[in-house]
$ cat structure08.txt   # compact mmCIF, C-alpha atoms and all ligand atoms
# COMPACT_ATOMS: atom_id res chain seq x y z
CA MET O 1 -50.73 -124.59 -98.98
CA THR O 2 -53.35 -121.86 -99.20
CA PHE O 3 -52.97 -118.51 -97.47
CA SER O 4 -56.08 -119.22 -95.43
CA SER O 5 -54.46 -122.28 -93.83
CA ILE O 6 -51.72 -120.06 -92.38
CA PRO O 7 -52.82 -118.23 -89.21
CA GLY O 8 -52.29 -114.47 -88.92
CA LEU O 9 -49.87 -112.42 -91.04
CA GLU O 10 -52.74 -110.79 -92.92
CA GLU O 11 -50.77 -107.75 -93.98
CA ILE O 12 -48.04 -109.80 -95.66
CA LYS O 13 -50.57 -112.04 -97.37
CA SER O 14 -52.43 -109.09 -98.81
CA LYS O 15 -49.21 -107.44 -100.03
CA LEU O 16 -48.28 -110.65 -101.81
CA THR O 17 -51.65 -111.20 -103.43
CA SER O 18 -52.04 -107.59 -104.48
CA SER O 19 -48.60 -107.67 -106.13
CA VAL O 20 -49.99 -110.41 -108.36
CA GLY O 21 -53.21 -108.47 -108.97
CA SER O 22 -51.33 -105.39 -110.07
CA ASN O 23 -48.69 -107.43 -111.89
CA HIS O 24 -45.87 -105.95 -109.82
CA ILE O 25 -44.31 -109.13 -108.54
CA ALA O 26 -40.66 -108.98 -107.56
CA HIS O 27 -38.77 -111.68 -109.45
CA ALA O 28 -36.85 -112.65 -106.33
CA LEU O 29 -38.41 -112.51 -102.89
CA LEU O 30 -36.62 -113.31 -99.66
CA PHE O 31 -38.96 -114.47 -96.90
CA ALA O 32 -36.95 -113.71 -93.79
CA GLY O 33 -37.91 -114.82 -90.30
CA LYS O 34 -36.54 -116.46 -87.18
CA ASP O 35 -36.76 -120.21 -86.64
CA GLY O 36 -40.47 -120.71 -85.91
CA ALA O 37 -41.72 -117.93 -88.20
CA LEU O 38 -44.10 -119.07 -90.92
CA ASN O 39 -41.96 -117.95 -93.84
CA LEU O 40 -41.80 -121.32 -95.62
CA PRO O 41 -45.61 -121.77 -95.50
CA LEU O 42 -46.01 -118.24 -96.92
CA ALA O 43 -43.66 -119.04 -99.80
CA LEU O 44 -45.54 -122.28 -100.48
CA ALA O 45 -48.87 -120.46 -100.47
CA PHE O 46 -47.49 -117.80 -102.78
CA ALA O 47 -46.27 -120.43 -105.24
CA GLN O 48 -49.71 -122.02 -105.23
CA TYR O 49 -51.32 -118.61 -105.73
CA LEU O 50 -49.10 -117.88 -108.72
CA HIS O 51 -50.11 -121.14 -110.41
CA CYS O 52 -53.82 -121.17 -109.50
CA THR O 53 -56.05 -120.72 -112.55
CA ASN O 54 -59.06 -119.63 -110.56
CA LYS O 55 -57.63 -117.36 -107.89
CA ASN O 56 -59.56 -114.64 -106.12
CA GLU O 57 -57.97 -111.49 -104.80
CA ASN O 58 -57.05 -113.03 -101.44
CA ASP O 59 -56.20 -116.65 -102.05
CA ALA O 60 -55.86 -119.56 -104.43
CA CYS O 61 -59.06 -121.48 -105.13
CA GLY O 62 -57.73 -124.73 -103.67
CA THR O 63 -59.63 -126.88 -106.15
CA CYS O 64 -58.42 -126.22 -109.71
CA ALA O 65 -56.05 -128.72 -111.32
CA ALA O 66 -53.04 -126.53 -110.54
CA CYS O 67 -54.08 -126.18 -106.88
CA SER O 68 -54.63 -129.87 -106.41
CA LYS O 69 -51.05 -130.45 -107.61
CA SER O 70 -49.71 -127.61 -105.49
CA LEU O 71 -51.41 -129.02 -102.41
CA LYS O 72 -49.49 -132.27 -102.93
CA TYR O 73 -46.31 -130.36 -103.83
CA ILE O 74 -46.15 -132.07 -107.21
CA HIS O 75 -46.80 -129.08 -109.43
CA PRO O 76 -44.23 -129.44 -112.24
CA ASP O 77 -43.52 -125.71 -112.28
CA THR O 78 -42.68 -125.42 -108.59
CA HIS O 79 -39.10 -126.46 -107.99
CA PHE O 80 -37.53 -127.00 -104.60
CA VAL O 81 -34.01 -126.67 -103.31
CA PHE O 82 -33.49 -127.61 -99.66
CA PRO O 83 -30.61 -128.61 -97.40
CA LEU O 84 -29.58 -132.20 -97.02
CA GLY O 85 -27.44 -133.84 -94.40
CA ASN O 86 -25.84 -136.47 -96.52
CA VAL O 87 -24.53 -136.56 -100.00
CA SER O 88 -25.78 -139.81 -101.38
CA ASN O 89 -23.35 -142.66 -101.91
CA ASP O 90 -25.94 -144.12 -104.17
CA LYS O 91 -24.53 -144.44 -107.67
CA ASP O 92 -27.98 -143.85 -109.07
CA GLU O 93 -28.35 -140.16 -108.39
CA ASP O 94 -31.71 -139.83 -110.13
CA ARG O 95 -33.19 -142.49 -107.93
CA PHE O 96 -31.82 -140.78 -104.82
CA ARG O 97 -33.29 -137.43 -105.88
CA ALA O 98 -36.69 -138.97 -106.59
CA GLU O 99 -36.68 -140.66 -103.18
CA ILE O 100 -35.65 -137.58 -101.26
CA LEU O 101 -38.22 -135.48 -103.11
CA LYS O 102 -40.91 -137.90 -102.00
CA THR O 103 -39.73 -137.54 -98.39
CA TRP O 104 -39.69 -133.77 -98.78
CA ARG O 105 -43.30 -133.72 -100.00
CA SER O 106 -44.48 -135.89 -97.11
CA PHE O 107 -42.62 -133.61 -94.72
CA LEU O 108 -44.39 -130.53 -96.10
CA ILE O 109 -47.77 -132.25 -95.91
CA GLU O 110 -47.35 -133.84 -92.48
CA GLN O 111 -45.51 -131.01 -90.74
CA PRO O 112 -46.63 -127.88 -92.58
CA PHE O 113 -44.96 -125.65 -89.98
CA GLY O 114 -41.92 -127.90 -89.49
CA ASN O 115 -38.35 -126.71 -89.02
CA LEU O 116 -34.90 -127.84 -90.11
CA ALA O 117 -34.43 -130.28 -87.22
CA GLN O 118 -37.74 -131.95 -88.05
CA TRP O 119 -36.87 -132.11 -91.73
CA MET O 120 -33.52 -133.73 -90.92
CA ALA O 121 -35.21 -136.18 -88.56
CA SER O 122 -37.80 -137.09 -91.20
CA TYR O 123 -35.15 -138.83 -93.31
CA GLU O 124 -32.83 -139.80 -90.48
CA GLY O 125 -30.25 -137.17 -91.32
CA GLU O 126 -30.36 -135.52 -87.88
CA ASP O 127 -26.78 -136.31 -86.97
CA LYS O 128 -25.39 -134.85 -90.19
CA GLN O 129 -24.65 -131.27 -91.04
CA ALA O 130 -27.31 -129.79 -93.31
CA LEU O 131 -26.05 -128.22 -96.50
CA ILE O 132 -27.17 -127.21 -99.98
CA ALA O 133 -24.52 -128.81 -102.13
CA ARG O 134 -22.23 -127.13 -104.61
CA GLU O 135 -23.80 -128.77 -107.68
CA GLU O 136 -27.27 -127.40 -106.87
CA SER O 137 -26.56 -124.09 -108.61
CA ARG O 138 -25.94 -125.86 -111.90
CA LYS O 139 -29.23 -127.73 -111.49
CA ILE O 140 -31.12 -124.55 -110.67
CA VAL O 141 -29.84 -122.84 -113.83
CA GLN O 142 -30.59 -125.94 -115.89
CA THR O 143 -34.13 -126.35 -114.50
CA LEU O 144 -35.00 -122.73 -115.11
CA SER O 145 -33.76 -122.79 -118.67
CA LEU O 146 -36.77 -124.97 -119.54
CA LYS O 147 -40.15 -123.52 -120.46
CA PRO O 148 -42.90 -123.91 -117.87
CA PHE O 149 -44.74 -127.20 -118.26
CA GLU O 150 -48.28 -126.27 -117.29
CA SER O 151 -48.38 -122.89 -115.61
CA THR O 152 -47.55 -119.52 -117.08
CA ASN O 153 -45.03 -119.14 -114.25
CA LYS O 154 -42.04 -121.03 -112.93
CA VAL O 155 -41.30 -120.90 -109.22
CA MET O 156 -38.03 -121.84 -107.58
CA ILE O 157 -38.27 -122.18 -103.81
CA ILE O 158 -34.91 -122.23 -102.04
CA TRP O 159 -35.32 -123.14 -98.39
CA LEU O 160 -32.53 -121.95 -96.09
CA PRO O 161 -30.15 -120.39 -98.63
CA GLU O 162 -27.84 -119.59 -95.69
CA LEU O 163 -26.89 -123.28 -95.81
CA MET O 164 -25.79 -123.06 -99.43
CA HIS O 165 -22.26 -124.01 -100.22
CA SER O 166 -20.60 -120.69 -101.10
CA SER O 167 -19.87 -121.75 -104.66
CA ALA O 168 -23.52 -122.73 -105.08
CA ALA O 169 -24.56 -119.31 -103.80
CA ASN O 170 -22.18 -117.61 -106.20
CA GLY O 171 -23.41 -119.85 -108.98
CA ILE O 172 -26.96 -118.50 -108.83
CA LEU O 173 -26.13 -114.79 -108.65
CA LYS O 174 -26.44 -114.22 -112.37
CA ILE O 175 -29.77 -115.99 -112.78
CA LEU O 176 -31.07 -114.35 -109.60
CA GLU O 177 -30.34 -110.96 -111.08
CA GLU O 178 -31.75 -111.70 -114.49
CA PRO O 179 -34.08 -114.66 -114.29
CA PRO O 180 -35.78 -115.97 -117.43
CA PRO O 181 -39.23 -114.44 -118.07
CA GLN O 182 -42.08 -115.44 -115.72
CA THR O 183 -39.64 -117.02 -113.30
CA PHE O 184 -39.91 -116.29 -109.61
CA PHE O 185 -37.37 -117.04 -106.93
CA LEU O 186 -38.77 -117.48 -103.43
CA LEU O 187 -35.91 -117.69 -100.96
CA VAL O 188 -36.83 -118.62 -97.40
CA THR O 189 -34.27 -117.83 -94.71
CA ASN O 190 -33.94 -118.16 -90.95
CA GLY O 191 -30.58 -116.40 -90.97
CA VAL O 192 -30.79 -113.29 -93.11
CA GLU O 193 -27.58 -111.95 -91.53
CA GLN O 194 -25.65 -114.98 -92.82
CA LEU O 195 -26.53 -114.39 -96.46
CA LEU O 196 -24.08 -112.95 -98.93
CA PRO O 197 -24.70 -109.23 -99.58
CA THR O 198 -24.77 -110.10 -103.27
CA ILE O 199 -27.79 -112.34 -102.63
CA LEU O 200 -29.50 -109.75 -100.43
CA SER O 201 -29.09 -106.98 -102.98
CA ARG O 202 -30.80 -109.10 -105.63
CA THR O 203 -33.90 -109.90 -103.60
CA GLN O 204 -36.82 -108.03 -102.14
CA ILE O 205 -37.09 -108.84 -98.45
CA VAL O 206 -40.39 -109.85 -96.86
CA HIS O 207 -39.92 -109.77 -93.09
CA VAL O 208 -42.07 -112.44 -91.47
CA PRO O 209 -42.60 -111.84 -87.72
CA MET O 210 -43.46 -114.53 -85.20
CA LEU O 211 -47.19 -114.90 -84.56
CA ASN O 212 -48.65 -112.99 -81.66
CA ASP O 213 -50.20 -114.81 -78.69
CA SER O 214 -53.78 -114.41 -79.84
CA GLU O 215 -52.96 -115.85 -83.28
CA VAL O 216 -51.40 -118.91 -81.62
CA GLU O 217 -54.37 -119.09 -79.25
CA ASN O 218 -56.89 -119.03 -82.12
CA TYR O 219 -55.02 -121.74 -83.92
CA LEU O 220 -54.82 -123.98 -80.84
CA ALA O 221 -58.49 -123.42 -80.02
CA LYS O 222 -59.50 -124.38 -83.54
CA ASN O 223 -57.29 -127.42 -83.90
CA PHE O 224 -56.87 -128.99 -80.46
CA SER O 225 -59.05 -129.67 -77.49
CA LEU O 226 -57.07 -128.26 -74.60
CA THR O 227 -58.18 -126.78 -71.31
CA VAL O 228 -57.79 -123.03 -70.92
CA GLU O 229 -54.90 -123.64 -68.49
CA GLN O 230 -53.10 -125.95 -70.91
CA GLN O 231 -53.63 -123.52 -73.73
CA ASN O 232 -52.30 -120.58 -71.73
CA GLU O 233 -49.28 -122.55 -70.61
CA ILE O 234 -48.43 -123.51 -74.19
CA ILE O 235 -48.87 -119.98 -75.48
CA GLN O 236 -46.53 -118.69 -72.84
CA ILE O 237 -43.80 -121.21 -73.58
CA ALA O 238 -44.12 -121.07 -77.36
CA GLU O 239 -43.58 -117.30 -77.66
CA GLY O 240 -45.18 -117.07 -81.09
CA ASP O 241 -43.54 -120.22 -82.49
CA LEU O 242 -46.55 -122.12 -83.84
CA ASN O 243 -44.54 -125.23 -84.66
CA PHE O 244 -43.24 -125.37 -81.08
CA ALA O 245 -46.77 -124.79 -79.75
CA ILE O 246 -48.02 -127.77 -81.77
CA GLN O 247 -45.18 -129.91 -80.42
CA LEU O 248 -46.09 -128.82 -76.91
CA THR O 249 -49.66 -130.01 -77.29
CA ASP O 250 -48.15 -133.52 -77.31
CA ALA O 251 -46.07 -132.83 -74.26
CA GLU O 252 -48.94 -131.29 -72.36
CA GLU O 253 -49.24 -134.22 -69.96
CA ASP O 254 -45.95 -133.03 -68.55
CA HIS O 255 -47.82 -130.58 -66.37
CA HIS O 256 -45.14 -127.97 -66.04
CA GLN O 257 -47.33 -125.70 -64.08
CA GLN O 258 -47.88 -127.99 -61.08
CA ARG O 259 -44.33 -129.30 -61.20
CA PHE O 260 -42.88 -125.80 -61.24
CA ILE O 261 -45.02 -124.55 -58.38
CA ASP O 262 -44.13 -127.64 -56.27
CA TRP O 263 -40.50 -127.13 -57.08
CA MET O 264 -40.43 -123.46 -56.06
CA ARG O 265 -42.35 -124.19 -52.89
CA SER O 266 -39.82 -126.87 -51.93
CA CYS O 267 -36.92 -124.54 -52.72
CA PHE O 268 -38.46 -121.87 -50.51
CA LYS O 269 -38.97 -124.32 -47.63
CA LYS O 270 -35.53 -125.86 -48.23
CA ASP O 271 -37.28 -129.21 -48.25
CA ASN O 272 -34.33 -131.25 -49.52
CA ILE O 273 -36.10 -134.58 -49.36
CA LYS O 274 -38.86 -133.32 -51.63
CA LEU O 275 -36.24 -131.70 -53.87
CA LEU O 276 -34.44 -135.02 -54.24
CA SER O 277 -37.61 -136.76 -55.30
CA LEU O 278 -38.36 -133.94 -57.76
CA ALA O 279 -34.82 -134.37 -59.13
CA ASP O 280 -35.56 -138.06 -59.73
CA GLU O 281 -38.80 -137.16 -61.43
CA PHE O 282 -37.04 -134.57 -63.58
CA HIS O 283 -34.41 -137.13 -64.54
CA GLU O 284 -37.13 -139.41 -65.88
CA LEU O 285 -38.57 -136.80 -68.24
CA ASP O 286 -37.49 -136.74 -71.87
CA LYS O 287 -35.11 -134.03 -73.10
CA LEU O 288 -37.83 -131.87 -74.59
CA ALA O 289 -39.88 -131.92 -71.38
CA GLN O 290 -36.80 -131.06 -69.29
CA ARG O 291 -35.96 -128.16 -71.54
CA ASN O 292 -39.57 -127.01 -71.50
CA LEU O 293 -39.71 -126.99 -67.71
CA PHE O 294 -36.69 -124.65 -67.57
CA HIS O 295 -38.14 -122.56 -70.36
CA TYR O 296 -41.41 -122.38 -68.46
CA ALA O 297 -39.56 -121.42 -65.27
CA LEU O 298 -37.90 -118.51 -67.08
CA GLY O 299 -41.28 -117.40 -68.39
CA MET O 300 -42.76 -117.45 -64.90
CA ILE O 301 -39.83 -115.50 -63.49
CA ARG O 302 -40.40 -112.92 -66.16
CA GLU O 303 -44.02 -112.70 -64.98
CA VAL O 304 -42.78 -112.16 -61.42
CA LEU O 305 -40.56 -109.37 -62.71
CA ILE O 306 -43.56 -107.77 -64.40
CA GLN O 307 -45.54 -108.11 -61.18
CA ILE O 308 -42.76 -106.45 -59.15
CA SER O 309 -42.40 -103.61 -61.59
CA GLU O 310 -46.22 -103.27 -61.61
CA ALA O 311 -46.32 -103.31 -65.35
CA ASN O 312 -49.47 -105.40 -65.31
CA LYS O 313 -50.37 -104.48 -68.84
CA ILE O 314 -47.99 -106.93 -70.45
CA SER O 315 -48.63 -109.80 -68.08
CA ARG O 316 -50.33 -112.69 -69.84
CA ILE O 317 -51.13 -115.10 -67.04
CA LYS O 318 -54.30 -116.18 -65.30
CA GLY O 319 -55.56 -118.63 -62.66
CA ALA O 320 -53.13 -120.69 -60.55
CA GLU O 321 -50.16 -119.07 -62.23
CA GLU O 322 -51.37 -115.62 -61.33
CA LYS O 323 -51.68 -116.62 -57.67
CA PHE O 324 -48.19 -118.08 -57.70
CA VAL O 325 -46.73 -114.95 -59.27
CA LYS O 326 -48.43 -112.73 -56.69
CA ASP O 327 -47.18 -114.85 -53.77
CA PHE O 328 -43.72 -115.27 -55.17
CA SER O 329 -43.23 -111.60 -55.90
CA LYS O 330 -43.59 -110.94 -52.17
CA VAL O 331 -40.49 -112.98 -51.34
CA ILE O 332 -38.23 -112.07 -54.21
CA THR O 333 -36.35 -108.94 -55.24
CA LEU O 334 -34.91 -107.65 -58.47
CA PRO O 335 -31.30 -108.82 -57.83
CA LYS O 336 -32.66 -112.23 -56.85
CA ILE O 337 -34.53 -112.42 -60.15
CA GLU O 338 -31.35 -111.68 -62.05
CA ASN O 339 -29.62 -114.45 -60.14
CA PHE O 340 -32.53 -116.77 -60.83
CA ASN O 341 -32.36 -116.14 -64.54
CA ARG O 342 -28.63 -116.69 -64.65
CA LEU O 343 -28.86 -119.97 -62.72
CA ILE O 344 -31.60 -121.39 -64.91
CA ASN O 345 -29.81 -120.35 -68.10
CA GLU O 346 -26.62 -122.01 -66.87
CA ALA O 347 -28.51 -125.18 -66.00
CA THR O 348 -30.13 -125.19 -69.47
CA TYR O 349 -26.67 -124.85 -70.99
CA HIS O 350 -25.38 -127.86 -69.03
CA LEU O 351 -28.48 -129.88 -69.81
CA GLU O 352 -28.04 -129.30 -73.52
CA ARG O 353 -24.49 -130.56 -73.23
CA ASN O 354 -25.82 -133.78 -71.80
CA GLY O 355 -24.87 -133.33 -68.19
CA SER O 356 -26.65 -135.60 -65.70
CA ALA O 357 -30.18 -134.22 -65.50
CA LYS O 358 -30.53 -135.29 -61.86
CA MET O 359 -27.32 -133.58 -60.73
CA ILE O 360 -28.08 -130.43 -62.70
CA PHE O 361 -31.57 -130.22 -61.27
CA MET O 362 -30.44 -130.82 -57.67
CA ASP O 363 -27.58 -128.36 -57.91
CA LEU O 364 -29.90 -125.77 -59.44
CA SER O 365 -32.50 -126.38 -56.72
CA LEU O 366 -29.98 -125.84 -53.92
CA GLN O 367 -28.76 -122.62 -55.47
CA LEU O 368 -32.30 -121.41 -56.06
CA SER O 369 -33.15 -122.20 -52.41
CA LYS O 370 -30.26 -120.03 -51.32
CA THR O 371 -31.38 -117.27 -53.64
CA ILE O 372 -35.03 -117.25 -52.65
CA ASN O 373 -34.55 -117.79 -48.94
CA PRO O 374 -30.97 -116.98 -47.91
ZN ZN H 401 -56.66 -122.96 -107.89
$ encode --input "structure08.txt" --output "structure tokens" --more "lines below"
Ligand SMILES: [Zn+2]
Amino acid sequence: MTFSSIPGLEEIKSKLTSSVGSNHIAHALLFAGKDGALNLPLALAFAQYLHCTNKNENDACGTCAACSKSLKYIHPDTHFVFPLGNVSNDKDEDRFRAEILKTWRSFLIEQPFGNLAQWMASYEGEDKQALIAREESRKIVQTLSLKPFESTNKVMIIWLPELMHSSAANGILKILEEPPPQTFFLLVTNGVEQLLPTILSRTQIVHVPMLNDSEVENYLAKNFSLTVEQQNEIIQIAEGDLNFAIQLTDAEEDHHQQRFIDWMRSCFKKDNIKLLSLADEFHELDKLAQRNLFHYALGMIREVLIQISEANKISRIKGAEEKFVKDFSKVITLPKIENFNRLINEATYHLERNGSAKMIFMDLSLQLSKTINP
């Protein structure tokens, strides 16, 4: 992964590259961000940059022998530790590790902005609890005791150290504090608050924010052919989570916008027959699309709130959505919006616990009708 293939985050990239230029690289960096932040891609790009033999001041060259290995995640001096959902029953542990490493590399190549759920799904471990096993610390120490094979540097990437077994975490404290020469730890966390203070105190934190809307927009415009409406809808739902935005490009045929506007109109008119047919339609959608519709509804309600409070500056909508928001804000008040939010959040909660989608939708619709038009 090169820095240039990661959208945005220019300030962080330039801090990282200039630390190499001035030879002031922290020996243990902690890339901290929420789920959906691009902290793993940044760590991968930094590892490639460290190994590249023809780097410029902003990025790796992408073509030298080291880069071509880094791009396939087979550079022998980049080591990976990542959570797994199942401890292998396979007697042949080496074979299991080789297999899982292959899956890991394909995951990084195919879903460069992927998250834990996608990683677990990529090797059918989604129903298991993800964990970095106790024996990993011994392997980390062992691996790093070797000299680098090809590069002048060794890089150990630990993805999601918050999922480390506590004895594994304790097992790496010493080496984290005093790593062998030219060894760099790149820890990548989505839960910085869950890490042991002893880990935190040994690392330099790089806070990785979510992308802003225009960074997501640029990426979508460059990589997908969407209409402006589709693009805006995705940007609004994704809230800076590029991985989610990419997933949503697949789900775009779900047409949340039209469905939502129909739904609200029927609630307002108390058109129960139409609401029943919408409930059937909702029931037929897949889980992701159902969740996205509720998520979208919350986003639109937030826009209505902005409209009511006349804080137009932070509104991000255009076209049919803007018209809806203007109309809707005439019939709704602040306490109603609070109620609206609560009802949709409750419905989302029930949906995630596998309640009947049809019943949840119908019940929500009736309560929303009462709220909008008592
Ligand atoms: Zn290179």
$ residues_around --input "structure08.txt" --residues "segment 334-350 of chain O" --least-positions-apart "5" --cutoff "9 Å" --atoms "only C-alpha atoms" --output "list in words"
Gln290, Arg291, Phe294, His295, Ala297, Leu298, Ile301, Arg302, Val304, Leu305, Ile308, Gly355, Ser356, Ala357, Ile360, Phe361, Asp363, Leu364, Gln367, Leu368, Thr371 and Ile372 of chain O
$ residues_around --input "structure08.txt" --residues "Glu239 of chain O" --least-positions-apart "4" --cutoff "12 Å" --atoms "all atoms listed in the file" --output "PyMOL selection string"
chain O and resi 34-37+209-217+232-235+243-245+248+295-296+299+316
$ atom_distance --input "structure08.txt" --atom1 "atom CA of Asn272 of chain O" --atom2 "atom CA of Asp327 of chain O"
21.3 Å
$ residues_near_ligand --input "structure08.txt" --ligand "ligand ZN 401 (chain H)" --cutoff "7 Å" --atoms "all atoms listed in the file" --output "JSON, numbers by chain"
{"O": [52, 53, 54, 55, 60, 61, 62, 63, 64, 65, 66, 67]}
$ residues_around --input "structure08.txt" --residues "segment 183-192 of chain O" --least-positions-apart "2" --cutoff "7 Å" --atoms "all atoms listed in the file" --output "list of chain:residue names"
O:His27, O:Ala28, O:Leu29, O:Leu30, O:Phe31, O:Ala32, O:Gly33, O:Lys34, O:Asp35, O:Asn39, O:Leu40, O:Ala43, O:Asn153, O:Lys154, O:Val155, O:Met156, O:Ile157, O:Ile158, O:Trp159, O:Leu160, O:Pro161, O:Glu162, O:Pro179, O:Pro180, O:Pro181, O:Gln194, O:Leu195
